[in-house]
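Listing of coords-v3.txt; format and content: compact mmCIF, C-alpha atoms.
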```txt
# COMPACT_ATOMS: atom_id res chain seq x y z
CA MET A 1 60.40 42.25 -9.02
CA ARG A 2 57.39 41.39 -11.16
CA TYR A 3 54.40 42.84 -9.28
CA SER A 4 53.64 45.87 -7.10
CA PHE A 5 50.28 46.10 -5.34
CA ILE A 6 49.18 49.72 -4.85
CA VAL A 7 46.39 50.41 -2.37
CA PRO A 8 45.15 53.92 -1.51
CA VAL A 9 43.51 54.06 1.92
CA PHE A 10 41.21 56.58 3.57
CA ASN A 11 39.97 55.81 7.10
CA ARG A 12 39.64 52.05 6.60
CA PRO A 13 42.18 50.31 8.85
CA ASP A 14 40.05 47.21 9.46
CA GLU A 15 39.58 46.57 5.76
CA VAL A 16 43.29 46.98 5.10
CA GLY A 17 44.01 44.27 7.66
CA GLU A 18 41.79 41.78 5.83
CA LEU A 19 43.37 42.65 2.49
CA LEU A 20 46.90 42.27 3.84
CA GLU A 21 46.00 38.96 5.44
CA SER A 22 44.80 37.67 2.07
CA LEU A 23 48.05 38.83 0.46
CA THR A 24 50.09 36.74 2.90
CA ARG A 25 48.27 33.67 1.56
CA GLN A 26 49.13 34.18 -2.10
CA THR A 27 50.75 31.12 -3.65
CA LEU A 28 52.94 33.36 -5.84
CA LYS A 29 55.27 35.50 -3.72
CA ASP A 30 57.05 37.75 -6.22
CA PHE A 31 55.44 41.03 -5.18
CA GLU A 32 55.60 44.08 -2.95
CA VAL A 33 52.73 45.96 -1.30
CA ILE A 34 52.50 49.75 -1.24
CA ILE A 35 49.92 51.26 1.12
CA VAL A 36 49.26 54.97 0.57
CA GLU A 37 47.43 56.61 3.47
CA ASP A 38 45.52 59.49 1.88
CA GLY A 39 45.34 61.89 4.83
CA SER A 40 43.24 59.59 7.00
CA SER A 41 42.09 60.71 10.44
CA THR A 42 42.08 57.02 11.42
CA PRO A 43 45.36 55.71 9.99
CA CYS A 44 46.20 52.07 9.33
CA LYS A 45 49.92 52.15 10.14
CA ASP A 46 49.55 49.97 13.24
CA VAL A 47 47.72 47.41 11.12
CA CYS A 48 50.42 47.52 8.45
CA ASP A 49 53.19 47.11 11.03
CA LYS A 50 51.77 43.71 11.96
CA TYR A 51 52.45 42.43 8.44
CA THR A 52 55.93 43.78 7.75
CA ALA A 53 57.48 40.46 8.77
CA ASN A 54 55.38 38.48 6.27
CA LEU A 55 55.13 40.94 3.39
CA ASP A 56 57.44 43.26 1.49
CA LEU A 57 55.26 46.12 2.64
CA HIS A 58 55.85 49.87 2.30
CA TYR A 59 53.60 52.35 4.12
CA TYR A 60 53.36 56.02 3.13
CA LEU A 61 51.35 58.82 4.72
CA LYS A 62 50.45 61.89 2.65
CA GLU A 63 47.99 64.76 2.61
CA ASN A 64 44.55 64.02 1.20
CA SER A 65 44.40 64.37 -2.58
CA GLY A 66 41.95 61.67 -3.66
CA PRO A 67 42.39 58.05 -4.76
CA GLY A 68 43.84 58.78 -8.21
CA GLN A 69 46.67 60.95 -6.98
CA SER A 70 47.38 58.51 -4.15
CA ARG A 71 47.78 55.72 -6.68
CA ASN A 72 50.18 57.91 -8.64
CA TYR A 73 52.12 58.55 -5.43
CA GLY A 74 52.44 54.82 -4.90
CA ALA A 75 53.36 54.14 -8.54
CA GLU A 76 56.25 56.58 -8.32
CA ARG A 77 57.72 54.46 -5.52
CA ALA A 78 56.93 51.03 -6.96
CA GLN A 79 59.60 48.63 -8.20
CA GLY A 80 57.47 46.08 -10.02
CA GLU A 81 57.23 45.45 -13.73
CA TRP A 82 53.46 45.34 -13.27
CA LEU A 83 51.37 47.63 -11.08
CA ILE A 84 48.24 46.09 -9.57
CA VAL A 85 45.79 48.68 -8.27
CA LEU A 86 43.27 47.55 -5.67
CA ASP A 87 40.63 49.22 -3.52
CA SER A 88 41.18 48.82 0.21
CA ASP A 89 37.83 47.02 0.59
CA VAL A 90 38.75 43.94 -1.44
CA VAL A 91 40.01 40.53 -0.31
CA LEU A 92 41.96 38.21 -2.60
CA PRO A 93 41.59 34.44 -2.95
CA GLU A 94 44.91 32.65 -2.47
CA GLY A 95 45.30 31.83 -6.16
CA TYR A 96 44.69 35.40 -7.37
CA LEU A 97 48.25 36.40 -8.30
CA ALA A 98 49.09 32.99 -9.75
CA ALA A 99 46.02 33.30 -12.02
CA VAL A 100 47.19 36.75 -13.14
CA ASP A 101 50.69 35.48 -13.86
CA ASP A 102 49.48 32.46 -15.83
CA SER A 103 47.09 34.56 -17.90
CA LEU A 104 49.66 37.25 -18.75
CA LYS A 105 52.04 34.57 -20.02
CA ALA A 106 49.32 33.01 -22.18
CA TYR A 107 47.60 36.24 -23.26
CA PRO A 108 50.07 39.15 -23.35
CA CYS A 109 48.55 42.59 -22.87
CA ASP A 110 49.38 46.04 -21.51
CA ALA A 111 46.59 46.38 -18.96
CA TRP A 112 43.97 44.09 -17.51
CA GLY A 113 41.07 43.92 -15.12
CA GLY A 114 39.32 41.25 -13.10
CA PRO A 115 35.80 40.60 -11.78
CA ASP A 116 34.43 40.97 -8.28
CA ALA A 117 32.15 38.85 -6.12
CA ALA A 118 30.37 38.89 -2.75
CA HIS A 119 31.80 36.71 0.01
CA GLU A 120 29.58 34.55 2.21
CA SER A 121 30.74 36.52 5.26
CA PHE A 122 29.47 39.83 3.85
CA THR A 123 26.47 41.39 5.55
CA PRO A 124 23.04 41.11 3.87
CA VAL A 125 23.25 44.81 2.95
CA GLN A 126 26.67 44.34 1.33
CA LYS A 127 25.38 41.36 -0.62
CA ALA A 128 22.34 43.35 -1.74
CA ILE A 129 24.54 46.23 -2.87
CA SER A 130 26.83 43.81 -4.67
CA TYR A 131 23.82 42.36 -6.46
CA SER A 132 22.60 45.80 -7.50
CA MET A 133 26.02 46.66 -8.93
CA THR A 134 26.32 43.49 -11.00
CA SER A 135 22.79 42.51 -11.98
CA PHE A 136 21.50 42.63 -15.53
CA PHE A 137 18.28 44.12 -14.16
CA THR A 138 20.08 47.18 -12.77
CA THR A 139 22.35 47.80 -15.78
CA GLY A 140 25.22 46.57 -13.62
CA GLY A 141 26.98 45.74 -16.87
CA ILE A 142 27.85 49.40 -17.41
CA ARG A 143 30.69 48.81 -14.97
CA GLY A 144 32.62 46.90 -17.56
CA GLY A 145 30.47 44.25 -19.13
CA SER A 146 31.32 40.71 -18.13
CA SER A 147 34.02 41.93 -15.79
CA THR A 148 31.40 42.35 -13.11
CA GLN A 149 30.92 38.62 -12.84
CA ARG A 150 33.19 35.70 -12.20
CA GLY A 151 33.69 34.03 -15.52
CA GLY A 152 33.23 35.62 -18.91
CA ARG A 153 35.52 35.89 -21.90
CA ARG A 154 39.22 35.40 -21.42
CA GLY A 155 42.03 37.29 -23.07
CA ALA A 156 42.45 40.49 -24.98
CA LEU A 157 39.43 42.62 -25.78
CA ASP A 158 39.42 45.58 -28.14
CA LYS A 159 37.53 47.82 -25.75
CA PHE A 160 37.64 46.37 -22.28
CA TYR A 161 37.98 49.07 -19.64
CA PRO A 162 39.48 47.90 -16.31
CA ARG A 163 38.27 49.47 -13.08
CA SER A 164 40.52 50.53 -10.23
CA PHE A 165 39.08 48.17 -7.62
CA ASN A 166 40.98 45.39 -9.44
CA MET A 167 43.23 46.33 -12.34
CA GLY A 168 46.79 45.87 -13.50
CA ILE A 169 48.98 47.80 -15.91
CA ARG A 170 52.55 47.62 -17.09
CA HIS A 171 54.68 50.07 -15.13
CA ASP A 172 56.14 51.64 -18.25
CA VAL A 173 52.69 52.17 -19.77
CA TYR A 174 51.50 53.77 -16.53
CA GLN A 175 54.41 56.21 -16.65
CA GLN A 176 53.92 56.90 -20.34
CA LEU A 177 50.26 57.89 -19.80
CA GLY A 178 50.94 59.89 -16.65
CA GLY A 179 48.79 57.72 -14.41
CA PHE A 180 45.42 58.81 -13.05
CA SER A 181 44.02 62.30 -13.61
CA LYS A 182 42.92 64.68 -10.84
CA MET A 183 39.27 63.68 -11.21
CA ARG A 184 37.82 62.64 -7.86
CA PHE A 185 35.25 60.31 -9.40
CA GLY A 186 35.44 58.38 -12.64
CA GLU A 187 39.23 58.76 -12.66
CA ASP A 188 39.67 55.03 -13.29
CA ILE A 189 37.36 55.08 -16.32
CA ASP A 190 39.20 58.14 -17.62
CA PHE A 191 42.49 56.27 -17.23
CA SER A 192 41.10 53.17 -18.96
CA TYR A 193 39.84 55.30 -21.85
CA ARG A 194 43.31 56.80 -22.23
CA ILE A 195 44.90 53.33 -22.18
CA VAL A 196 42.67 52.15 -25.02
CA GLU A 197 42.84 55.42 -26.96
CA SER A 198 46.64 55.27 -26.92
CA GLY A 199 46.54 51.93 -28.70
CA HIS A 200 47.48 49.65 -25.80
CA LYS A 201 45.93 46.22 -25.47
CA THR A 202 43.62 45.51 -22.53
CA ALA A 203 42.33 42.19 -21.29
CA LEU A 204 39.81 40.63 -18.94
CA ILE A 205 41.21 37.92 -16.67
CA PRO A 206 38.13 36.04 -15.36
CA GLU A 207 40.17 34.01 -12.85
CA ALA A 208 41.65 37.16 -11.26
CA TRP A 209 38.52 37.88 -9.25
CA VAL A 210 38.31 39.51 -5.84
CA TRP A 211 35.80 39.68 -3.03
CA HIS A 212 34.57 43.26 -3.01
CA LYS A 213 32.87 44.59 0.11
CA ARG A 214 31.52 47.83 -1.34
CA ARG A 215 29.56 50.19 0.90
CA THR A 216 28.11 49.11 4.22
CA ASP A 217 24.84 51.07 4.05
CA LEU A 218 22.52 52.53 1.43
CA LYS A 219 23.31 56.16 2.31
CA LYS A 220 27.00 55.70 1.49
CA PHE A 221 26.05 53.65 -1.55
CA PHE A 222 23.80 56.44 -2.82
CA ARG A 223 26.67 58.93 -2.57
CA GLN A 224 28.95 56.55 -4.46
CA VAL A 225 26.60 56.02 -7.41
CA TYR A 226 25.53 59.68 -7.36
CA ASN A 227 29.15 60.67 -7.91
CA SER A 228 29.41 58.07 -10.67
CA GLY A 229 26.48 59.73 -12.42
CA ILE A 230 28.22 63.09 -12.14
CA ALA A 231 31.40 61.59 -13.54
CA ARG A 232 29.71 60.21 -16.64
CA ILE A 233 29.04 63.64 -18.16
CA ASN A 234 32.55 64.79 -17.27
CA LEU A 235 33.94 61.68 -18.97
CA GLU A 236 31.95 62.41 -22.11
CA LYS A 237 33.38 65.94 -22.14
CA ARG A 238 36.90 64.52 -21.85
CA HIS A 239 36.32 61.61 -24.24
CA PRO A 240 33.63 62.56 -26.80
CA GLY A 241 31.61 59.63 -28.07
CA THR A 242 32.01 57.47 -24.96
CA LEU A 243 28.50 58.19 -23.70
CA LYS A 244 26.41 55.19 -24.75
CA LEU A 245 22.70 54.41 -24.61
CA VAL A 246 23.20 52.11 -21.61
CA HIS A 247 24.58 55.04 -19.61
CA LEU A 248 21.26 56.85 -20.08
CA LEU A 249 19.12 54.01 -18.72
CA PRO A 250 19.46 54.94 -15.02
CA THR A 251 18.36 58.48 -15.85
CA VAL A 252 15.41 57.22 -17.90
CA PHE A 253 14.51 54.94 -14.99
CA THR A 254 14.77 57.82 -12.51
CA VAL A 255 12.59 60.16 -14.59
CA GLY A 256 10.12 57.33 -15.20
CA VAL A 257 9.73 56.47 -11.52
CA ILE A 258 9.24 60.13 -10.61
CA ALA A 259 6.68 60.55 -13.40
CA LEU A 260 4.71 57.48 -12.28
CA ILE A 261 4.63 58.71 -8.68
CA LEU A 262 3.46 62.16 -9.81
CA VAL A 263 0.68 60.64 -11.95
CA SER A 264 -0.46 58.62 -8.95
CA ALA A 265 -0.43 61.73 -6.75
CA VAL A 266 -2.49 63.67 -9.30
CA GLY A 267 -4.91 60.77 -9.51
CA ARG A 268 -5.39 60.76 -5.74
CA ALA A 269 -6.05 64.49 -5.79
CA LEU A 270 -8.60 64.18 -8.59
CA MET A 271 -10.30 61.24 -6.84
CA HIS A 272 -10.73 63.45 -3.81
CA TYR A 273 -12.02 66.55 -5.55
CA VAL A 274 -13.76 65.25 -8.70
CA ASP A 275 -15.20 61.90 -9.78
CA ARG A 276 -13.78 59.07 -7.67
CA ASP A 277 -14.30 56.25 -10.19
CA GLN A 278 -13.15 58.18 -13.22
CA PHE A 279 -9.63 58.73 -11.87
CA TYR A 280 -9.26 55.49 -9.95
CA TRP A 281 -6.80 54.10 -12.54
CA MET A 282 -4.52 57.14 -12.21
CA CYS A 283 -4.08 56.46 -8.53
CA PHE A 284 -3.09 52.80 -8.69
CA ALA A 285 -2.03 51.91 -12.26
CA PRO A 286 1.30 53.84 -12.12
CA TRP A 287 2.46 51.61 -9.25
CA ILE A 288 2.09 48.41 -11.29
CA PRO A 289 5.42 48.69 -13.21
CA ILE A 290 7.23 49.74 -10.03
CA ILE A 291 5.84 46.77 -8.12
CA LEU A 292 6.58 44.35 -10.99
CA TYR A 293 10.17 45.56 -11.19
CA SER A 294 10.56 45.17 -7.43
CA VAL A 295 9.21 41.62 -7.59
CA ILE A 296 11.68 40.72 -10.36
CA ILE A 297 14.59 42.07 -8.32
CA PHE A 298 13.39 40.28 -5.18
CA ILE A 299 13.01 36.90 -6.91
CA ASP A 300 16.24 37.09 -8.91
CA SER A 301 18.38 38.23 -5.97
CA SER A 302 16.79 35.73 -3.57
CA ILE A 303 17.65 32.89 -5.94
CA LYS A 304 21.19 34.06 -6.66
CA ASN A 305 22.00 34.83 -3.02
CA LYS A 306 19.92 31.96 -1.62
CA SER A 307 18.43 34.36 0.88
CA LEU A 308 15.00 35.99 1.08
CA LYS A 309 16.45 38.71 3.31
CA VAL A 310 19.10 39.65 0.77
CA GLY A 311 16.44 39.51 -1.94
CA LEU A 312 14.27 41.94 0.01
CA LEU A 313 17.19 44.31 0.67
CA SER A 314 18.12 44.17 -3.00
CA VAL A 315 14.94 46.06 -3.91
CA PRO A 316 15.93 49.35 -2.19
CA ALA A 317 19.55 48.73 -3.23
CA ALA A 318 18.49 48.49 -6.89
CA PHE A 319 16.46 51.70 -6.69
CA THR A 320 19.38 53.40 -4.93
CA GLN A 321 21.82 52.25 -7.59
CA LEU A 322 19.70 53.40 -10.52
CA MET A 323 18.22 56.59 -9.11
CA GLY A 324 21.40 57.70 -7.34
CA TYR A 325 23.25 57.45 -10.63
CA GLY A 326 20.35 59.08 -12.43
CA PHE A 327 20.19 62.09 -10.13
CA GLY A 328 23.97 62.61 -10.40
CA PHE A 329 23.78 62.37 -14.17
CA ILE A 330 20.94 64.92 -14.33
CA GLU A 331 22.79 67.39 -12.10
CA SER A 332 25.98 67.07 -14.12
CA TRP A 333 24.08 67.39 -17.42
CA TRP A 334 22.37 70.56 -16.18
CA LYS A 335 25.58 72.20 -14.95
CA ARG A 336 27.92 71.09 -17.73
CA CYS A 337 25.64 71.02 -20.79
CA ILE A 338 22.97 73.63 -20.02
CA LEU A 339 24.79 76.11 -17.76
CA LYS A 340 28.07 75.45 -19.64
CA LYS A 341 30.19 75.30 -16.48
CA ASP A 342 33.58 73.68 -16.68
CA GLU A 343 34.47 70.54 -14.77
CA PHE A 344 36.04 72.32 -11.81
CA THR A 345 33.60 75.17 -11.20
CA ALA A 346 30.57 72.91 -11.65
CA PHE A 347 31.56 70.69 -8.73
CA GLU A 348 34.14 72.69 -6.83
CA LYS A 349 32.60 72.04 -3.40
CA ASN A 350 32.19 68.27 -3.59
CA PHE A 351 34.21 67.07 -6.56
CA TYR A 352 37.67 68.45 -5.84
CA LYS A 353 37.90 68.59 -2.06
```

Encoding of this model in structure tokens:
Amino acid sequence: MRYSFIVPVFNRPDEVGELLESLTRQTLKDFEVIIVEDGSSTPCKDVCDKYTANLDLHYYLKENSGPGQSRNYGAERAQGEWLIVLDSDVVLPEGYLAAVDDSLKAYPCDAWGGPDAAHESFTPVQKAISYSMTSFFTTGGIRGGSSTQRGGRRGALDKFYPRSFNMGIRHDVYQQLGGFSKMRFGEDIDFSYRIVESGHKTALIPEAWVWHKRRTDLKKFFRQVYNSGIARINLEKRHPGTLKLVHLLPTVFTVGVIALILVSAVGRALMHYVDRDQFYWMCFAPWIPIILYSVIIFIDSSIKNKSLKVGLLSVPAAFTQLMGYGFGFIESWWKRCILKKDEFTAFEKNFYK
């Protein structure tokens, strides 16, 4: 067998059904599907049972240990030459696996990743979140450069880092590297760093794109990017030198927005207690860059999504993406770099549940 799809699942039976349905439509059939239920309170076994007649599907239920360890659990039971790791909230176009197969024959590599996109059926909030995670104006490129968009450069890249929502790796390489670490967040980046650091060749396959649903509301989205900000400092500790200037931009943005709001608040206080005209600029001028940035996001997203509603929702989604990441980064920097806590004790309550 050439391919094994590995999908960790936690309380998302409906999404699993859509993913499995898309797998039944693949034009290339040489694959198995391994679903690893990671201690869900709402399991997806009934959903999986509906597809056993059309797919070589294997369902496993285990205690909760996080996505990385669940992928390892599935990899230990996989039979394929290649392991394809997917998030449960993706849907594949029918030519996905054929595109992967064609590319691997033309551009041999040891690991690869593909882009993601928003489907027309996604809710306006999901489309707005997708925009915020891929847009140039929100540093969406930190998620892997051109891999966040359909298209881009084909073939092997010296330092392309696949992400676990859509990545493939040779089974023997996976075993050699020991799979994913016990990190709860950023474990896929950690794994990609180890793939590259060990001298293996990675590649971007632009045609191997998926529809990625992401989070369904801004509260869940904030928690996701907040954890990503936490993970960035932990990744730097594990892989010194991987922290780049672009990773600091959300934090700079966060501090800048807070500073502008504070200046405006001080200006309002001074207008009230001192000379009204003298401090008028302090009250309103700080909002100009915030408003201009919001207008840019609104216009760009409205054009790309062909929807004013999505464009409007993209404004809070962009601020959530940048500031959520920024706040997580600041907390992790304080605990790891200032207080000198180790990775486990710094985030014992919410990082290693």

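If only C-alpha atoms are the atoms counted, then among A:Cys48, A:Met282, A:Ala208, A:Val9 the closest residue to Asp101 in chain A is A:Ala208.
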
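Nearest residue to Pro67 in chain A among A:Lys340, A:Arg223, A:Arg184, A:Lys244 is A:Arg184, counting only C-alpha atoms.
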
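Closest approach to Lys62 in chain A from the set A:Pro108, A:Phe137, A:Leu86, A:Phe10 is made by A:Phe10, with distances taken over all atoms listed in the file.
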
Spatial sel., origin (49.8, 54.8, 4.9), limit 10 Å, all atoms listed in the file, listed as an mmCIF file with C-alpha atoms, in the coordinates of the input:
```cif
data_model
loop_
_atom_site.group_PDB
_atom_site.id
_atom_site.type_symbol
_atom_site.label_atom_id
_atom_site.label_comp_id
_atom_site.auth_asym_id
_atom_site.auth_seq_id
_atom_site.Cartn_x
_atom_site.Cartn_y
_atom_site.Cartn_z
ATOM 1 C CA VAL A 7 46.390 50.410 -2.370
ATOM 2 C CA PRO A 8 45.150 53.920 -1.510
ATOM 3 C CA VAL A 9 43.510 54.060 1.920
ATOM 4 C CA PHE A 10 41.210 56.580 3.570
ATOM 5 C CA PRO A 13 42.180 50.310 8.850
ATOM 6 C CA ILE A 34 52.500 49.750 -1.240
ATOM 7 C CA ILE A 35 49.920 51.260 1.120
ATOM 8 C CA VAL A 36 49.260 54.970 0.570
ATOM 9 C CA GLU A 37 47.430 56.610 3.470
ATOM 10 C CA ASP A 38 45.520 59.490 1.880
ATOM 11 C CA GLY A 39 45.340 61.890 4.830
ATOM 12 C CA SER A 40 43.240 59.590 7.000
ATOM 13 C CA PRO A 43 45.360 55.710 9.990
ATOM 14 C CA CYS A 44 46.200 52.070 9.330
ATOM 15 C CA LYS A 45 49.920 52.150 10.140
ATOM 16 C CA ASP A 46 49.550 49.970 13.240
ATOM 17 C CA VAL A 47 47.720 47.410 11.120
ATOM 18 C CA CYS A 48 50.420 47.520 8.450
ATOM 19 C CA HIS A 58 55.850 49.870 2.300
ATOM 20 C CA TYR A 59 53.600 52.350 4.120
ATOM 21 C CA TYR A 60 53.360 56.020 3.130
ATOM 22 C CA LEU A 61 51.350 58.820 4.720
ATOM 23 C CA LYS A 62 50.450 61.890 2.650
#
```

Checklist entry - So how far away is CA of Val246 in chain A from CA of Ala117 in chain A, in Å? => result 22.3 Å

Checklist entry - Which distance in Å separates CA of Ile233 in chain A and CA of Val257 in chain A, to one decimal? => result 21.6 Å

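Pairwise distance (CA of Ala78 in chain A, CA of Gln176 in chain A) equals 14.9 Å.
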
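Nearest-residue note for Trp287 in chain A: choosing from A:Leu245, A:Ile230, A:Ile205, A:Val263, the minimum distance belongs to A:Val263, counting only C-alpha atoms.
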
Counting all atoms listed in the file, what is within 9 Å of Thr320 in chain A, bar same-chain residues fewer than 6 positions away, as a CSV table (one decimal) with C-alpha atoms, in the coordinates of the input?
```csv
chain,number,residue,atom,x,y,z
A,132,SER,CA,22.6,45.8,-7.5
A,218,LEU,CA,22.5,52.5,1.4
A,219,LYS,CA,23.3,56.2,2.3
A,221,PHE,CA,26.0,53.6,-1.6
A,222,PHE,CA,23.8,56.4,-2.8
A,225,VAL,CA,26.6,56.0,-7.4
```

Please fill the gaps in range 167-183 of chain A so it has N, CA and C atoms, and write that as a short mmCIF file (atom, residue, chain, number, x, y, z; two decimals), in the frame of the given file.
```
data_model
loop_
_atom_site.label_atom_id
_atom_site.label_comp_id
_atom_site.auth_asym_id
_atom_site.auth_seq_id
_atom_site.Cartn_x
_atom_site.Cartn_y
_atom_site.Cartn_z
N MET A 167 42.66 46.16 -11.00
CA MET A 167 43.23 46.33 -12.34
C MET A 167 44.75 46.27 -12.28
N GLY A 168 45.34 45.89 -13.39
CA GLY A 168 46.79 45.87 -13.50
C GLY A 168 47.24 46.56 -14.77
N ILE A 169 48.44 47.11 -14.75
CA ILE A 169 48.98 47.80 -15.91
C ILE A 169 50.50 47.74 -15.87
N ARG A 170 51.10 47.62 -17.03
CA ARG A 170 52.55 47.62 -17.09
C ARG A 170 53.08 48.94 -16.55
N HIS A 171 54.14 48.87 -15.78
CA HIS A 171 54.68 50.07 -15.13
C HIS A 171 55.08 51.12 -16.15
N ASP A 172 55.69 50.68 -17.24
CA ASP A 172 56.14 51.64 -18.25
C ASP A 172 54.98 52.32 -18.96
N VAL A 173 53.88 51.59 -19.15
CA VAL A 173 52.69 52.17 -19.77
C VAL A 173 52.05 53.19 -18.82
N TYR A 174 52.02 52.86 -17.54
CA TYR A 174 51.50 53.77 -16.53
C TYR A 174 52.26 55.10 -16.57
N GLN A 175 53.58 55.01 -16.62
CA GLN A 175 54.41 56.21 -16.65
C GLN A 175 54.22 56.99 -17.95
N GLN A 176 54.10 56.25 -19.04
CA GLN A 176 53.92 56.90 -20.34
C GLN A 176 52.64 57.73 -20.39
N LEU A 177 51.56 57.22 -19.76
CA LEU A 177 50.26 57.89 -19.80
C LEU A 177 50.08 58.89 -18.66
N GLY A 178 51.02 58.93 -17.74
CA GLY A 178 50.94 59.89 -16.65
C GLY A 178 50.02 59.49 -15.52
N GLY A 179 49.61 58.22 -15.50
CA GLY A 179 48.79 57.72 -14.41
C GLY A 179 47.39 58.31 -14.39
N PHE A 180 46.79 58.35 -13.21
CA PHE A 180 45.42 58.81 -13.05
C PHE A 180 45.35 60.34 -13.07
N SER A 181 44.24 60.85 -13.57
CA SER A 181 44.02 62.30 -13.61
C SER A 181 43.59 62.79 -12.23
N LYS A 182 43.33 64.09 -12.11
CA LYS A 182 42.92 64.68 -10.84
C LYS A 182 41.42 64.60 -10.60
N MET A 183 40.70 63.89 -11.46
CA MET A 183 39.27 63.68 -11.21
C MET A 183 39.10 62.93 -9.89
#
```
